[in-house]
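File shown here: start_23.cif, holding mmCIF, C-alpha atoms; chains and numbers go by the auth columns.
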```cif
data_input
loop_
_atom_site.group_PDB
_atom_site.id
_atom_site.type_symbol
_atom_site.label_atom_id
_atom_site.label_comp_id
_atom_site.label_asym_id
_atom_site.label_seq_id
_atom_site.Cartn_x
_atom_site.Cartn_y
_atom_site.Cartn_z
_atom_site.B_iso_or_equiv
_atom_site.auth_seq_id
_atom_site.auth_asym_id
ATOM 1 C CA ALA A 1 -13.707 28.870 63.693 0.00 1 A
ATOM 2 C CA HIS A 2 -12.873 32.470 62.857 0.00 2 A
ATOM 3 C CA ARG A 3 -15.547 35.033 63.595 0.00 3 A
ATOM 4 C CA GLY A 4 -17.725 35.615 60.533 0.00 4 A
ATOM 5 C CA THR A 5 -17.273 32.135 59.081 0.00 5 A
ATOM 6 C CA GLN A 6 -20.080 29.601 58.908 0.00 6 A
ATOM 7 C CA PRO A 7 -19.095 26.162 60.240 0.00 7 A
ATOM 8 C CA LEU A 8 -20.290 23.298 58.090 0.00 8 A
ATOM 9 C CA GLN A 9 -23.265 21.535 59.586 0.00 9 A
ATOM 10 C CA PRO A 10 -23.605 17.772 60.256 0.00 10 A
ATOM 11 C CA GLY A 11 -23.841 15.767 57.079 0.00 11 A
ATOM 12 C CA THR A 12 -22.653 18.629 54.894 0.00 12 A
ATOM 13 C CA VAL A 13 -21.758 17.773 51.316 0.00 13 A
ATOM 14 C CA VAL A 14 -19.485 20.517 50.045 0.00 14 A
ATOM 15 C CA GLU A 15 -21.106 22.473 47.235 0.00 15 A
ATOM 16 C CA GLY A 16 -19.703 21.899 43.776 0.00 16 A
ATOM 17 C CA LEU A 17 -18.272 18.466 44.439 0.00 17 A
ATOM 18 C CA SER A 18 -19.301 15.634 42.180 0.00 18 A
ATOM 19 C CA ALA A 19 -20.931 12.646 43.820 0.00 19 A
ATOM 20 C CA ASP A 20 -18.454 9.873 44.623 0.00 20 A
ATOM 21 C CA PRO A 21 -19.925 7.391 47.108 0.00 21 A
ATOM 22 C CA PRO A 22 -17.879 5.371 49.603 0.00 22 A
ATOM 23 C CA GLN A 23 -16.662 1.988 48.489 0.00 23 A
ATOM 24 C CA ARG A 24 -18.848 -0.819 49.839 0.00 24 A
ATOM 25 C CA ALA A 25 -17.934 -4.449 50.200 0.00 25 A
ATOM 26 C CA ARG A 26 -18.462 -7.119 47.592 0.00 26 A
ATOM 27 C CA GLY A 27 -22.106 -8.086 47.510 0.00 27 A
ATOM 28 C CA ALA A 28 -23.337 -4.814 49.035 0.00 28 A
ATOM 29 C CA GLY A 29 -26.078 -2.899 47.290 0.00 29 A
ATOM 30 C CA THR A 30 -28.287 -4.122 44.482 0.00 30 A
ATOM 31 C CA THR A 31 -25.797 -5.392 41.908 0.00 31 A
ATOM 32 C CA GLY A 32 -23.482 -7.415 44.157 0.00 32 A
ATOM 33 C CA ARG A 33 -20.571 -6.260 41.988 0.00 33 A
ATOM 34 C CA ARG A 34 -17.480 -4.612 43.410 0.00 34 A
ATOM 35 C CA ARG A 35 -16.863 -1.121 42.025 0.00 35 A
ATOM 36 C CA ALA A 36 -13.182 -0.274 41.575 0.00 36 A
ATOM 37 C CA VAL A 37 -11.788 2.446 43.810 0.00 37 A
ATOM 38 C CA THR A 38 -10.194 5.019 41.538 0.00 38 A
ATOM 39 C CA HIS A 39 -9.353 7.603 44.207 0.00 39 A
ATOM 40 C CA THR A 40 -7.904 7.254 47.672 0.00 40 A
ATOM 41 C CA LYS A 41 -10.711 7.660 50.209 0.00 41 A
ATOM 42 C CA LEU A 42 -9.940 8.612 53.800 0.00 42 A
ATOM 43 C CA VAL A 43 -12.819 8.014 56.195 0.00 43 A
ATOM 44 C CA PHE A 44 -12.198 9.937 59.417 0.00 44 A
ATOM 45 C CA LEU A 45 -14.246 8.775 62.410 0.00 45 A
ATOM 46 C CA ARG A 46 -14.380 10.484 65.794 0.00 46 A
ATOM 47 C CA HIS A 47 -14.374 8.126 68.775 0.00 47 A
ATOM 48 C CA GLY A 48 -17.418 7.352 70.932 0.00 48 A
ATOM 49 C CA ARG A 49 -18.435 9.355 73.981 0.00 49 A
ATOM 50 C CA THR A 50 -16.513 9.386 77.245 0.00 50 A
ATOM 51 C CA GLU A 51 -17.593 10.534 80.692 0.00 51 A
ATOM 52 C CA TRP A 52 -15.394 13.605 80.274 0.00 52 A
ATOM 53 C CA ASN A 53 -17.166 14.460 77.019 0.00 53 A
ATOM 54 C CA GLU A 54 -20.451 14.387 78.897 0.00 54 A
ATOM 55 C CA LEU A 55 -19.065 16.531 81.729 0.00 55 A
ATOM 56 C CA GLY A 56 -17.522 19.078 79.357 0.00 56 A
ATOM 57 C CA LYS A 57 -13.958 18.422 80.496 0.00 57 A
ATOM 58 C CA LEU A 58 -10.946 18.939 78.254 0.00 58 A
ATOM 59 C CA GLN A 59 -9.398 15.551 77.584 0.00 59 A
ATOM 60 C CA GLY A 60 -6.387 16.257 75.450 0.00 60 A
ATOM 61 C CA GLN A 61 -4.134 13.232 75.747 0.00 61 A
ATOM 62 C CA ALA A 62 -5.583 11.943 79.013 0.00 62 A
ATOM 63 C CA ASP A 63 -6.324 8.273 78.401 0.00 63 A
ATOM 64 C CA VAL A 64 -10.052 8.324 79.157 0.00 64 A
ATOM 65 C CA GLU A 65 -12.063 5.260 78.174 0.00 65 A
ATOM 66 C CA LEU A 66 -15.447 5.139 76.458 0.00 66 A
ATOM 67 C CA ASP A 67 -18.416 5.343 78.785 0.00 67 A
ATOM 68 C CA GLU A 68 -21.499 3.126 78.439 0.00 68 A
ATOM 69 C CA VAL A 69 -23.015 5.443 75.835 0.00 69 A
ATOM 70 C CA GLY A 70 -19.725 5.526 73.925 0.00 70 A
ATOM 71 C CA GLU A 71 -19.606 1.720 73.817 0.00 71 A
ATOM 72 C CA LYS A 72 -23.110 1.619 72.340 0.00 72 A
ATOM 73 C CA GLN A 73 -22.184 4.336 69.843 0.00 73 A
ATOM 74 C CA ALA A 74 -19.167 2.301 68.707 0.00 74 A
ATOM 75 C CA GLU A 75 -21.405 -0.752 68.299 0.00 75 A
ATOM 76 C CA GLU A 76 -23.755 1.329 66.137 0.00 76 A
ATOM 77 C CA ALA A 77 -20.827 2.526 64.053 0.00 77 A
ATOM 78 C CA ALA A 78 -19.643 -1.057 63.550 0.00 78 A
ATOM 79 C CA ARG A 79 -23.071 -1.954 62.149 0.00 79 A
ATOM 80 C CA PHE A 80 -23.152 1.198 60.015 0.00 80 A
ATOM 81 C CA PHE A 81 -19.763 0.470 58.412 0.00 81 A
ATOM 82 C CA ALA A 82 -20.300 -3.298 58.148 0.00 82 A
ATOM 83 C CA ASP A 83 -20.699 -3.234 54.346 0.00 83 A
ATOM 84 C CA TRP A 84 -18.015 -0.633 53.649 0.00 84 A
ATOM 85 C CA ASP A 85 -14.876 -1.899 51.992 0.00 85 A
ATOM 86 C CA PHE A 86 -11.898 -0.805 54.104 0.00 86 A
ATOM 87 C CA GLU A 87 -8.393 -1.876 53.191 0.00 87 A
ATOM 88 C CA ALA A 88 -6.851 -0.722 56.478 0.00 88 A
ATOM 89 C CA CYS A 89 -7.654 0.890 59.818 0.00 89 A
ATOM 90 C CA TYR A 90 -5.463 3.415 61.625 0.00 90 A
ATOM 91 C CA THR A 91 -6.174 5.046 64.966 0.00 91 A
ATOM 92 C CA SER A 92 -4.935 7.244 67.746 0.00 92 A
ATOM 93 C CA ASP A 93 -3.394 5.063 70.446 0.00 93 A
ATOM 94 C CA LEU A 94 -5.566 6.592 73.189 0.00 94 A
ATOM 95 C CA LYS A 95 -8.084 4.134 74.645 0.00 95 A
ATOM 96 C CA ARG A 96 -11.242 5.934 73.528 0.00 96 A
ATOM 97 C CA ALA A 97 -10.143 5.900 69.890 0.00 97 A
ATOM 98 C CA LEU A 98 -8.439 2.509 70.030 0.00 98 A
ATOM 99 C CA ARG A 99 -11.552 0.819 71.442 0.00 99 A
ATOM 100 C CA THR A 100 -13.759 2.453 68.804 0.00 100 A
ATOM 101 C CA ALA A 101 -11.381 1.381 66.048 0.00 101 A
ATOM 102 C CA HIS A 102 -11.256 -2.238 67.201 0.00 102 A
ATOM 103 C CA MET A 103 -15.047 -2.463 67.330 0.00 103 A
ATOM 104 C CA VAL A 104 -15.489 -1.035 63.822 0.00 104 A
ATOM 105 C CA ALA A 105 -12.574 -2.947 62.279 0.00 105 A
ATOM 106 C CA GLU A 106 -13.407 -6.358 63.766 0.00 106 A
ATOM 107 C CA PRO A 107 -16.207 -7.294 61.308 0.00 107 A
ATOM 108 C CA HIS A 108 -13.776 -6.569 58.451 0.00 108 A
ATOM 109 C CA GLY A 109 -11.036 -8.776 59.876 0.00 109 A
ATOM 110 C CA LEU A 110 -8.637 -5.829 59.851 0.00 110 A
ATOM 111 C CA ASP A 111 -5.660 -5.275 62.106 0.00 111 A
ATOM 112 C CA VAL A 112 -5.834 -1.928 63.883 0.00 112 A
ATOM 113 C CA VAL A 113 -2.686 0.175 63.527 0.00 113 A
ATOM 114 C CA PRO A 114 -2.191 2.671 66.388 0.00 114 A
ATOM 115 C CA ASP A 115 -0.274 5.887 65.733 0.00 115 A
ATOM 116 C CA ALA A 116 0.510 8.359 68.525 0.00 116 A
ATOM 117 C CA ARG A 117 0.620 11.170 65.949 0.00 117 A
ATOM 118 C CA LEU A 118 -3.169 10.857 65.677 0.00 118 A
ATOM 119 C CA ARG A 119 -3.677 11.736 69.346 0.00 119 A
ATOM 120 C CA GLU A 120 -5.781 14.742 70.321 0.00 120 A
ATOM 121 C CA ILE A 121 -4.014 18.027 71.049 0.00 121 A
ATOM 122 C CA ASN A 122 -1.984 17.912 74.250 0.00 122 A
ATOM 123 C CA VAL A 123 -3.605 20.376 76.682 0.00 123 A
ATOM 124 C CA GLY A 124 -1.093 19.648 79.422 0.00 124 A
ATOM 125 C CA SER A 125 -2.191 20.793 82.875 0.00 125 A
ATOM 126 C CA TRP A 126 -5.610 21.806 81.531 0.00 126 A
ATOM 127 C CA SER A 127 -6.568 18.163 81.114 0.00 127 A
ATOM 128 C CA GLY A 128 -9.636 17.361 83.197 0.00 128 A
ATOM 129 C CA MET A 129 -10.682 21.019 83.484 0.00 129 A
ATOM 130 C CA THR A 130 -13.870 22.551 82.095 0.00 130 A
ATOM 131 C CA THR A 131 -13.700 25.568 79.792 0.00 131 A
ATOM 132 C CA ALA A 132 -14.832 27.791 82.679 0.00 132 A
ATOM 133 C CA GLU A 133 -11.976 26.490 84.823 0.00 133 A
ATOM 134 C CA VAL A 134 -9.476 27.071 82.009 0.00 134 A
ATOM 135 C CA ILE A 135 -10.679 30.662 81.589 0.00 135 A
ATOM 136 C CA ARG A 136 -9.983 31.332 85.256 0.00 136 A
ATOM 137 C CA VAL A 137 -6.309 30.407 84.781 0.00 137 A
ATOM 138 C CA PHE A 138 -6.037 31.677 81.191 0.00 138 A
ATOM 139 C CA PRO A 139 -8.475 34.582 80.648 0.00 139 A
ATOM 140 C CA GLY A 140 -7.555 34.994 76.979 0.00 140 A
ATOM 141 C CA PHE A 141 -8.772 31.499 76.042 0.00 141 A
ATOM 142 C CA ILE A 142 -12.122 32.456 74.481 0.00 142 A
ATOM 143 C CA ASP A 143 -10.825 35.615 72.777 0.00 143 A
ATOM 144 C CA PHE A 144 -7.903 33.766 71.196 0.00 144 A
ATOM 145 C CA TYR A 145 -10.100 30.832 70.211 0.00 145 A
ATOM 146 C CA THR A 146 -12.872 32.863 68.569 0.00 146 A
ATOM 147 C CA HIS A 147 -10.387 35.046 66.654 0.00 147 A
ATOM 148 C CA GLY A 148 -8.391 32.096 65.336 0.00 148 A
ATOM 149 C CA VAL A 149 -5.221 32.991 67.270 0.00 149 A
ATOM 150 C CA ASP A 150 -3.079 29.940 67.935 0.00 150 A
ATOM 151 C CA PHE A 151 -1.784 29.528 71.466 0.00 151 A
ATOM 152 C CA GLN A 152 -0.153 26.933 73.677 0.00 152 A
ATOM 153 C CA ARG A 153 -2.656 24.866 75.659 0.00 153 A
ATOM 154 C CA SER A 154 -1.074 25.415 79.101 0.00 154 A
ATOM 155 C CA ALA A 155 2.653 25.610 79.814 0.00 155 A
ATOM 156 C CA THR A 156 3.010 21.873 79.190 0.00 156 A
ATOM 157 C CA GLY A 157 0.676 21.554 76.187 0.00 157 A
ATOM 158 C CA GLU A 158 0.771 22.003 72.411 0.00 158 A
ATOM 159 C CA THR A 159 -0.278 24.645 69.924 0.00 159 A
ATOM 160 C CA LEU A 160 -2.716 23.850 67.122 0.00 160 A
ATOM 161 C CA ALA A 161 0.131 24.182 64.626 0.00 161 A
ATOM 162 C CA GLU A 162 2.184 21.544 66.442 0.00 162 A
ATOM 163 C CA MET A 163 -0.745 19.131 66.645 0.00 163 A
ATOM 164 C CA THR A 164 -1.695 19.663 62.999 0.00 164 A
ATOM 165 C CA ALA A 165 1.873 19.147 61.748 0.00 165 A
ATOM 166 C CA ARG A 166 2.312 15.756 63.422 0.00 166 A
ATOM 167 C CA ALA A 167 -1.173 14.568 62.438 0.00 167 A
ATOM 168 C CA LEU A 168 -0.815 15.641 58.802 0.00 168 A
ATOM 169 C CA GLU A 169 2.479 13.779 58.596 0.00 169 A
ATOM 170 C CA SER A 170 0.660 10.605 59.612 0.00 170 A
ATOM 171 C CA VAL A 171 -2.345 11.154 57.322 0.00 171 A
ATOM 172 C CA ARG A 172 -0.187 11.892 54.284 0.00 172 A
ATOM 173 C CA GLU A 173 1.830 8.731 54.893 0.00 173 A
ATOM 174 C CA ILE A 174 -1.407 6.726 55.124 0.00 174 A
ATOM 175 C CA ALA A 175 -2.738 8.271 51.905 0.00 175 A
ATOM 176 C CA GLU A 176 0.494 7.469 50.043 0.00 176 A
ATOM 177 C CA ARG A 177 0.643 3.933 51.431 0.00 177 A
ATOM 178 C CA HIS A 178 -2.944 3.188 50.402 0.00 178 A
ATOM 179 C CA GLU A 179 -3.216 4.977 47.087 0.00 179 A
ATOM 180 C CA GLY A 180 -6.481 4.088 45.370 0.00 180 A
ATOM 181 C CA GLN A 181 -7.891 2.391 48.480 0.00 181 A
ATOM 182 C CA GLN A 182 -10.434 3.268 51.159 0.00 182 A
ATOM 183 C CA VAL A 183 -9.018 3.602 54.671 0.00 183 A
ATOM 184 C CA LEU A 184 -10.588 4.181 58.094 0.00 184 A
ATOM 185 C CA ILE A 185 -8.853 6.629 60.450 0.00 185 A
ATOM 186 C CA VAL A 186 -10.240 6.850 64.005 0.00 186 A
ATOM 187 C CA THR A 187 -9.207 9.944 65.891 0.00 187 A
ATOM 188 C CA HIS A 188 -10.353 12.990 67.905 0.00 188 A
ATOM 189 C CA GLY A 189 -12.572 16.023 67.385 0.00 189 A
ATOM 190 C CA LEU A 190 -10.241 19.023 67.307 0.00 190 A
ATOM 191 C CA LEU A 191 -7.543 17.115 65.458 0.00 191 A
ATOM 192 C CA LEU A 192 -10.039 15.858 62.892 0.00 192 A
ATOM 193 C CA SER A 193 -11.415 19.338 62.133 0.00 193 A
ATOM 194 C CA LYS A 194 -7.945 20.874 61.745 0.00 194 A
ATOM 195 C CA VAL A 195 -6.475 18.026 59.697 0.00 195 A
ATOM 196 C CA VAL A 196 -9.393 17.915 57.267 0.00 196 A
ATOM 197 C CA SER A 197 -9.536 21.704 56.823 0.00 197 A
ATOM 198 C CA THR A 198 -5.761 21.955 56.344 0.00 198 A
ATOM 199 C CA PHE A 199 -5.642 18.924 54.033 0.00 199 A
ATOM 200 C CA MET A 200 -8.399 20.488 51.928 0.00 200 A
ATOM 201 C CA GLY A 201 -6.981 24.030 52.125 0.00 201 A
ATOM 202 C CA ILE A 202 -10.404 25.457 53.006 0.00 202 A
ATOM 203 C CA GLY A 203 -9.565 27.512 56.099 0.00 203 A
ATOM 204 C CA ASP A 204 -11.196 27.376 59.517 0.00 204 A
ATOM 205 C CA VAL A 205 -14.774 26.717 58.429 0.00 205 A
ATOM 206 C CA LEU A 206 -15.154 23.303 60.057 0.00 206 A
ATOM 207 C CA SER A 207 -16.761 22.908 63.458 0.00 207 A
ATOM 208 C CA ILE A 208 -15.526 20.204 65.832 0.00 208 A
ATOM 209 C CA PRO A 209 -17.399 17.025 64.844 0.00 209 A
ATOM 210 C CA GLY A 210 -19.559 15.095 67.285 0.00 210 A
ATOM 211 C CA ASN A 211 -18.825 11.693 68.754 0.00 211 A
ATOM 212 C CA ILE A 212 -19.204 8.852 66.241 0.00 212 A
ATOM 213 C CA THR A 213 -19.505 11.079 63.204 0.00 213 A
ATOM 214 C CA TYR A 214 -17.499 10.531 60.061 0.00 214 A
ATOM 215 C CA SER A 215 -16.011 12.662 57.317 0.00 215 A
ATOM 216 C CA LEU A 216 -14.973 11.447 53.878 0.00 216 A
ATOM 217 C CA VAL A 217 -12.020 12.983 52.035 0.00 217 A
ATOM 218 C CA ILE A 218 -11.494 11.820 48.461 0.00 218 A
ATOM 219 C CA GLY A 219 -7.872 12.203 47.434 0.00 219 A
ATOM 220 C CA GLY A 220 -6.283 12.903 44.107 0.00 220 A
ATOM 221 C CA GLU A 221 -4.760 15.928 42.430 0.00 221 A
ATOM 222 C CA ASN A 222 -7.629 18.032 43.755 0.00 222 A
ATOM 223 C CA PRO A 223 -8.845 16.531 47.070 0.00 223 A
ATOM 224 C CA ARG A 224 -12.572 16.712 47.734 0.00 224 A
ATOM 225 C CA LEU A 225 -14.542 16.715 50.954 0.00 225 A
ATOM 226 C CA ALA A 226 -17.566 14.528 50.208 0.00 226 A
ATOM 227 C CA THR A 227 -19.194 14.757 53.630 0.00 227 A
ATOM 228 C CA TYR A 228 -18.367 16.082 57.070 0.00 228 A
ATOM 229 C CA ASN A 229 -19.623 15.451 60.618 0.00 229 A
ATOM 230 C CA THR A 230 -22.132 12.834 59.439 0.00 230 A
ATOM 231 C CA PRO A 231 -23.570 10.454 62.091 0.00 231 A
ATOM 232 C CA ALA A 232 -22.241 6.914 61.682 0.00 232 A
ATOM 233 C CA ARG A 233 -25.504 5.223 62.510 0.00 233 A
ATOM 234 C CA GLN A 234 -28.528 3.931 60.715 0.00 234 A
ATOM 235 C CA LEU A 235 -31.265 6.562 60.537 0.00 235 A
ATOM 236 C CA PRO A 236 -34.715 5.474 61.754 0.00 236 A
#
```
Translate the structure described by the file into structure tokens.
Amino acid sequence: AHRGTQPLQPGTVVEGLSADPPQRARGAGTTGRRRAVTHTKLVFLRHGRTEWNELGKLQGQADVELDEVGEKQAEEAARFFADWDFEACYTSDLKRALRTAHMVAEPHGLDVVPDARLREINVGSWSGMTTAEVIRVFPGFIDFYTHGVDFQRSATGETLAEMTARALESVREIAERHEGQQVLIVTHGLLLSKVVSTFMGIGDVLSIPGNITYSLVIGGENPRLATYNTPARQLP
């Protein structure tokens, strides 16, 4: 985020937005009646934890699998979303997202549609390095990052603008294809924060969401961000 901005905290509901709850499956809730979806609802879910997440290593497009904690997180998310009414499920084709998507989509009987455009930013040769190690080879990393200056992630990586352009192309196609429906999109932290903020036109005020947190964008003429970085698990 840019210096001086306040990142939205977990579970944030954006001020001024009218309540518009997620669509739940037939029979969910107290009435058992299915409420019609009048706006397209995009539910973005970040994948479960990997060993590299725990070690603080940049993953980028390295195909790292979920660790034991990540598997349990995905199981929790599957239970959390069990009574949500999803019409489709799209995901990054990287293993950590693909596995999460399959686990959440399975109770709904949905096919999982992988899309390489939903992959995390390509950090090239920085993949597998910690932030401290990146700074040693690219001293301007923190200064550029904190001041919102876009830059190429290593000589063989992408810029934020390149990542955001390909991801937005995918998300807009999904939104058009599923107008008036609720769709699950499983992807990655940096991509999720940039796509949602750009889609909403709200600037760099969104922090990178945690593993197995979801964000709900309600489409229409004036898109609304109903919640952001909200844990996809049942609270005790």
Neighbours of Phe199 in chain A within 9 Å (only C-alpha atoms; same-chain residues fewer than 5 positions away dropped), as an mmCIF file with C-alpha atoms, in the frame of the given file?
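Listed below is the output, out-v6.cif:
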```cif
data_model
loop_
_atom_site.group_PDB
_atom_site.id
_atom_site.type_symbol
_atom_site.label_atom_id
_atom_site.label_comp_id
_atom_site.auth_asym_id
_atom_site.auth_seq_id
_atom_site.Cartn_x
_atom_site.Cartn_y
_atom_site.Cartn_z
ATOM 1 C CA LEU A 168 -0.815 15.641 58.802
ATOM 2 C CA ARG A 172 -0.187 11.892 54.284
ATOM 3 C CA LYS A 194 -7.945 20.874 61.745
ATOM 4 C CA VAL A 217 -12.020 12.983 52.035
ATOM 5 C CA PRO A 223 -8.845 16.531 47.070
#
```
Residues in the PyMOL selection byres ((chain A and resi 95) around 12), expressed as a ChimeraX atom specification: /A:47-50,59,61-67,70-71,91-94,96-102,114-116,119-120,186-188
Listed atoms of range 144-163 of chain A, axis-aligned box, 4 Å per side: centre and edge lengths to one decimal in Å, as lines of an AutoDock Vina configuration file?
```
center_x = -4.9
center_y = 27.1
center_z = 72.2
size_x = 23.9
size_y = 23.9
size_z = 23.2
```
Gap from CA of Glu179 in chain A to CA of Ile218 in chain A - Å, one decimal: 10.8 Å
Nearest to Ser127 in chain A, chosen from A:Leu58, A:Ala226, A:Leu206, A:Leu191, with all atoms listed in the file counted in the distances: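 Closest to Ser127 in chain A of all the choices is A:Leu58.
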